[in-house]
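Structure file protein.txt with compact mmCIF, C-alpha atoms:
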# COMPACT_ATOMS: atom_id res chain seq x y z
CA MET A 68 -9.50 8.97 -25.43
CA LEU A 69 -6.45 6.71 -25.78
CA ALA A 70 -4.27 9.70 -26.70
CA GLN A 71 -5.46 11.56 -23.59
CA LEU A 72 -4.71 8.54 -21.39
CA MET A 73 -1.23 8.25 -22.90
CA ILE A 74 -0.57 11.93 -22.20
CA GLU A 75 -1.78 11.50 -18.61
CA TRP A 76 0.38 8.37 -18.19
CA GLN A 77 3.47 10.15 -19.55
CA PHE A 78 2.84 13.11 -17.24
CA LEU A 79 2.40 10.91 -14.18
CA LEU A 80 5.48 8.85 -15.00
CA SER A 81 7.53 12.01 -15.54
CA TYR A 82 6.20 13.50 -12.31
CA ALA A 83 7.05 10.39 -10.29
CA LYS A 84 10.58 10.21 -11.68
CA ASN A 85 11.23 13.90 -10.98
CA GLN A 86 10.48 13.76 -7.26
CA PRO A 87 13.98 13.30 -5.78
CA ASP A 88 12.77 13.83 -2.21
CA LYS A 89 10.19 11.06 -2.51
CA GLN A 90 11.47 7.54 -2.04
CA MET A 91 9.89 4.83 -4.15
CA ASN A 92 8.06 2.15 -2.22
CA TYR A 93 7.66 -1.47 -3.22
CA TRP A 94 4.54 -3.55 -2.73
CA LEU A 95 3.03 -6.96 -3.24
CA PHE A 96 -0.64 -7.16 -4.25
CA LYS A 97 -2.36 -10.55 -4.02
CA THR A 98 -5.00 -11.55 -6.51
CA GLU A 99 -6.76 -14.62 -7.81
CA PRO A 100 -5.75 -14.90 -11.48
CA ASP A 101 -9.10 -16.31 -12.57
CA VAL A 102 -10.73 -13.11 -11.24
CA PHE A 103 -8.01 -10.64 -12.26
CA GLY A 104 -4.37 -11.50 -12.88
CA ILE A 105 -1.29 -10.24 -14.64
CA ASP A 106 -2.62 -11.57 -17.98
CA HIS A 107 -5.79 -9.47 -17.67
CA LEU A 108 -3.70 -6.38 -17.12
CA ALA A 109 -1.30 -7.20 -19.98
CA THR A 110 -4.15 -7.65 -22.46
CA ASN A 111 -6.17 -4.63 -21.30
CA PRO A 112 -6.04 -2.07 -24.16
CA ASN A 113 -4.50 0.56 -21.87
CA GLN A 114 -2.58 -2.05 -19.86
CA SER A 115 -3.85 -0.27 -16.76
CA GLU A 116 -6.67 -0.85 -14.33
CA MET A 117 -8.19 0.33 -11.08
CA TRP A 118 -7.14 -1.98 -8.21
CA ASP A 119 -10.47 -2.04 -6.38
CA GLY A 120 -12.40 -4.26 -4.01
CA VAL A 121 -9.91 -4.21 -1.12
CA ARG A 122 -11.97 -4.70 2.04
CA ASN A 123 -9.44 -4.94 4.86
CA TYR A 124 -8.68 -1.86 6.96
CA GLN A 125 -4.91 -2.32 7.15
CA ALA A 126 -4.67 -2.93 3.40
CA ARG A 127 -6.98 0.05 2.84
CA ASN A 128 -4.66 2.23 4.93
CA PHE A 129 -1.71 1.24 2.76
CA LEU A 130 -3.67 2.16 -0.38
CA ARG A 131 -4.94 5.41 1.08
CA ASP A 132 -1.83 6.64 2.88
CA GLN A 133 1.32 5.05 1.50
CA VAL A 134 0.99 3.65 -2.03
CA LYS A 135 1.95 6.45 -4.41
CA VAL A 136 2.53 7.17 -8.08
CA GLY A 137 5.72 5.54 -9.32
CA ASP A 138 5.74 2.76 -6.71
CA LEU A 139 6.38 -0.72 -8.10
CA VAL A 140 4.15 -3.68 -7.31
CA PHE A 141 4.68 -7.42 -7.53
CA ILE A 142 1.47 -9.14 -8.64
CA TYR A 143 1.09 -12.31 -6.62
CA HIS A 144 -1.31 -15.02 -7.83
CA SER A 145 -3.07 -16.90 -5.04
CA SER A 146 -5.78 -19.56 -4.79
CA CYS A 147 -4.64 -21.18 -8.03
CA LYS A 148 -2.44 -23.96 -9.40
CA ASN A 149 0.71 -21.79 -9.74
CA ILE A 150 0.82 -19.70 -6.55
CA GLY A 151 3.50 -17.02 -6.54
CA ILE A 152 4.83 -13.79 -8.01
CA ALA A 153 3.71 -13.46 -11.63
CA GLY A 154 4.81 -9.98 -12.70
CA ILE A 155 5.30 -6.30 -11.98
CA THR A 156 3.05 -3.27 -12.26
CA GLU A 157 3.56 0.41 -11.55
CA VAL A 158 1.20 2.65 -9.61
CA VAL A 159 -0.08 5.38 -11.94
CA LYS A 160 -2.73 6.92 -9.68
CA ALA A 161 -2.43 7.21 -5.91
CA GLY A 162 -5.18 6.25 -3.47
CA TYR A 163 -8.68 7.57 -4.11
CA PRO A 164 -12.15 6.45 -2.94
CA ASP A 165 -13.06 3.08 -4.43
CA PRO A 166 -16.21 3.78 -6.51
CA THR A 167 -17.44 0.19 -6.17
CA GLN A 168 -18.32 0.82 -2.52
CA PHE A 169 -21.09 3.20 -3.63
CA ASN A 170 -22.56 0.98 -6.38
CA PRO A 171 -25.42 -1.23 -5.12
CA GLU A 172 -24.91 -3.48 -8.18
CA SER A 173 -21.28 -4.20 -7.26
CA LYS A 174 -20.21 -7.18 -5.17
CA TYR A 175 -18.00 -4.66 -3.31
CA PHE A 176 -20.92 -2.39 -2.37
CA ASP A 177 -20.76 -1.16 1.22
CA PRO A 178 -24.01 0.36 2.49
CA LYS A 179 -22.14 1.99 5.40
CA SER A 180 -19.91 4.01 3.05
CA ASN A 181 -20.86 7.44 1.85
CA ILE A 182 -19.21 9.89 -0.51
CA ASP A 183 -18.35 12.37 2.24
CA THR A 184 -16.57 9.75 4.37
CA PRO A 185 -15.54 6.86 2.13
CA ARG A 186 -14.36 3.68 3.86
CA TRP A 187 -12.48 2.04 1.00
CA TYR A 188 -9.75 3.18 -1.35
CA CYS A 189 -8.17 1.96 -4.56
CA VAL A 190 -5.22 2.84 -6.80
CA ASP A 191 -4.61 2.54 -10.52
CA ILE A 192 -1.83 0.27 -11.73
CA LYS A 193 -0.20 -0.22 -15.12
CA PHE A 194 1.33 -3.39 -16.52
CA SER A 195 5.13 -3.42 -16.58
CA GLN A 196 6.27 -7.02 -16.94
CA LYS A 197 5.07 -10.61 -16.83
CA PHE A 198 7.67 -13.15 -15.72
CA ASP A 199 8.37 -16.20 -17.86
CA GLN A 200 7.57 -18.35 -14.83
CA VAL A 201 5.76 -17.65 -11.58
CA LEU A 202 8.15 -17.45 -8.62
CA PRO A 203 6.50 -20.02 -6.32
CA LEU A 204 5.76 -19.35 -2.67
CA LYS A 205 7.72 -22.50 -1.77
CA GLN A 206 10.82 -21.02 -3.35
CA ILE A 207 10.26 -17.61 -1.72
CA LYS A 208 10.08 -19.28 1.70
CA LEU A 209 13.47 -20.94 1.06
CA MET A 210 15.21 -17.62 0.42
CA PRO A 211 17.17 -16.81 3.63
CA GLU A 212 17.22 -13.08 2.87
CA ILE A 213 13.41 -12.87 2.82
CA THR A 214 12.51 -12.25 6.47
CA GLU A 215 10.38 -9.09 6.54
CA LEU A 216 7.86 -9.95 3.83
CA GLY A 217 4.44 -10.62 5.33
CA LEU A 218 3.93 -13.36 2.80
CA VAL A 219 6.38 -15.64 4.63
CA LYS A 220 5.13 -14.82 8.12
CA LYS A 221 2.64 -17.16 9.75
CA GLY A 222 -0.89 -15.78 9.92
CA HIS A 223 -0.22 -12.82 7.63
CA ARG A 224 -3.00 -12.78 5.05
CA LEU A 225 -3.15 -9.18 3.83
CA SER A 226 -3.83 -8.65 0.14
CA ILE A 227 -1.63 -5.53 0.06
CA MET A 228 1.77 -5.59 1.77
CA PRO A 229 4.96 -3.55 1.67
CA VAL A 230 8.19 -5.08 0.40
CA VAL A 231 11.48 -3.68 1.75
CA PRO A 232 13.92 -2.65 -1.02
CA THR A 233 16.53 -5.34 -0.29
CA GLU A 234 13.89 -8.07 -0.45
CA TRP A 235 12.36 -6.54 -3.60
CA HIS A 236 15.71 -6.76 -5.37
CA SER A 237 16.33 -10.34 -4.15
CA LEU A 238 12.89 -11.43 -5.34
CA LEU A 239 13.33 -9.63 -8.65
CA GLN A 240 16.64 -11.40 -9.19
CA GLN A 241 14.95 -14.77 -8.56
CA CYS A 242 12.10 -13.89 -10.92
CA SER A 243 14.55 -12.99 -13.68
CA GLN A 244 16.41 -16.33 -13.61

Could you render the structure as structure tokens?
Amino acid sequence: MLAQLMIEWQFLLSYAKNQPDKQMNYWLFKTEPDVFGIDHLATNPNQSEMWDGVRNYQARNFLRDQVKVGDLVFIYHSSCKNIGIAGITEVVKAGYPDPTQFNPESKYFDPKSNIDTPRWYCVDIKFSQKFDQVLPLKQIKLMPEITELGLVKKGHRLSIMPVVPTEWHSLLQQCSQ
């Protein structure tokens, strides 16, 4: 099983890197680290996981329509002591129907969803890097070059948000210091 997953991962990574006409996108996914954080992903035997349970239509649209294999994702810890960017993951499977919406035992069950017309989508992500320190929201807000990121805009509470390339690189530089 592990060997098959490794082969699939290598194929997907190779495929994503050999798509010159497809531009990589950058994202920020918010999560509560006591529920599922960068440490959970890092210690998962495959270091990959389905990113499920998103129940906001705009965030769902990003997952369904724009997040693709090879995209890079900042993992942002919220509702905790150390709020901020904690690490990076890579998308290894593009949007597909979130199976938790069909499971009556799941806290993400949606009785209005059906298999023919699913309402909710998820992606699979793989651990890439955990930062030595979380880049705090306070510090992000002080960065003059960070103007487009929804995280710093008043009233923007999406759990999935795009990050423009220039801001991605600025944030990455701050995380690496």

Identify which of the residues A:Glu157, A:Leu204, A:Leu218, A:Glu234 lies closest to A:Ser115, counting only C-alpha atoms when measuring atom-to-atom distances.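 That would be A:Glu157, the residue with the smallest distance to A:Ser115.
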
If you count all atoms listed in the file, which residues fall within 10 Å of stretch 190-194 of chain A, apart from same-chain ones fewer than 2 positions away, as a ChimeraX atom specification? /A:76,105-111,113-119,130-131,134-140,142,154-165,188,196-197

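Atom pair atom CA of A:Phe141 / atom CA of A:Tyr93 has a distance of 7.9 Å (rounded to one decimal).
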
Which one is closest to A:Lys174: A:Met210, A:Ala126, A:Val121, A:Leu225? Count all atoms listed in the file.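 Using all atoms listed in the file, A:Lys174 sits closest to A:Val121.
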
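Reported to one decimal place, the separation of atom CA of A:Pro229 from atom CA of A:Phe176 is 26.2 Å.
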
Quick one: residues within 7 Å of A:Met228, all atoms listed in the file, excluding same-chain residues fewer than 5 positions away - as a PyMOL selection string? chain A and resi 94-96+217

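Distance-wise, atom CA of A:Trp235 and atom CA of A:Gly120 end up 24.9 Å apart.
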
Could you list, as a PDB file with C-alpha atoms, in the frame of the given file, every residue within 8 Å of A:His144, counting all atoms listed in the file and ignoring same-chain residues fewer than 4 positions away?
ATOM      1  CA  LYS A  97      -2.360 -10.550  -4.020  1.00  0.00           C
ATOM      2  CA  THR A  98      -5.000 -11.550  -6.510  1.00  0.00           C
ATOM      3  CA  GLU A  99      -6.760 -14.620  -7.810  1.00  0.00           C
ATOM      4  CA  PRO A 100      -5.750 -14.900 -11.480  1.00  0.00           C
ATOM      5  CA  GLY A 104      -4.370 -11.500 -12.880  1.00  0.00           C
ATOM      6  CA  ASN A 149       0.710 -21.790  -9.740  1.00  0.00           C
ATOM      7  CA  ILE A 150       0.820 -19.700  -6.550  1.00  0.00           C
ATOM      8  CA  GLY A 151       3.500 -17.020  -6.540  1.00  0.00           C
ATOM      9  CA  ILE A 152       4.830 -13.790  -8.010  1.00  0.00           C
ATOM     10  CA  ALA A 153       3.710 -13.460 -11.630  1.00  0.00           C
TER      11      ALA A 153
END

Polymer residues at most 12 Å from A:Gln244, only C-alpha atoms, same-chain spacing of 3 or more positions, as a PDB file with C-alpha atoms, in the coordinates of the input:
ATOM      1  CA  PHE A 198       7.670 -13.150 -15.720  1.00  0.00           C
ATOM      2  CA  ASP A 199       8.370 -16.200 -17.860  1.00  0.00           C
ATOM      3  CA  GLN A 200       7.570 -18.350 -14.830  1.00  0.00           C
ATOM      4  CA  VAL A 201       5.760 -17.650 -11.580  1.00  0.00           C
ATOM      5  CA  LEU A 202       8.150 -17.450  -8.620  1.00  0.00           C
ATOM      6  CA  SER A 237      16.330 -10.340  -4.150  1.00  0.00           C
ATOM      7  CA  LEU A 238      12.890 -11.430  -5.340  1.00  0.00           C
ATOM      8  CA  LEU A 239      13.330  -9.630  -8.650  1.00  0.00           C
ATOM      9  CA  GLN A 240      16.640 -11.400  -9.190  1.00  0.00           C
ATOM     10  CA  GLN A 241      14.950 -14.770  -8.560  1.00  0.00           C
TER      11      GLN A 241
END

Given 3 Å of margin on each side, can you work out the centre and size in Å (one decimal) of an axis-aligned box holding every listed atom of stretch 165-176 of chain A, as AutoDock Vina command-line options?
--center_x -19.2 --center_y -1.7 --center_z -5.3 --size_x 18.4 --size_y 17.0 --size_z 11.8

Top pick for closest residue to A:Leu216, considering A:Pro178, A:Gln125, A:Pro232, A:Met91 and counting only C-alpha atoms: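 The answer is A:Pro232, which sits nearest to A:Leu216.
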
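Excluding A:Asp177 itself and same-chain residues fewer than 2 positions from it, the residues having an atom within 10 Å of it are A:Arg122, A:Thr167, A:Gln168, A:Phe169, A:Asn170, A:Pro171, A:Ser173, A:Lys174, A:Tyr175, A:Lys179, A:Ser180, A:Asn181, A:Pro185, A:Arg186, A:Trp187, counting only C-alpha atoms.
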
Looking at A:Thr214, A:Ile207, A:Cys189, A:Val231, which one is nearest to A:Asn123, with distances taken over only C-alpha atoms?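 Nearest to A:Asn123: A:Cys189.
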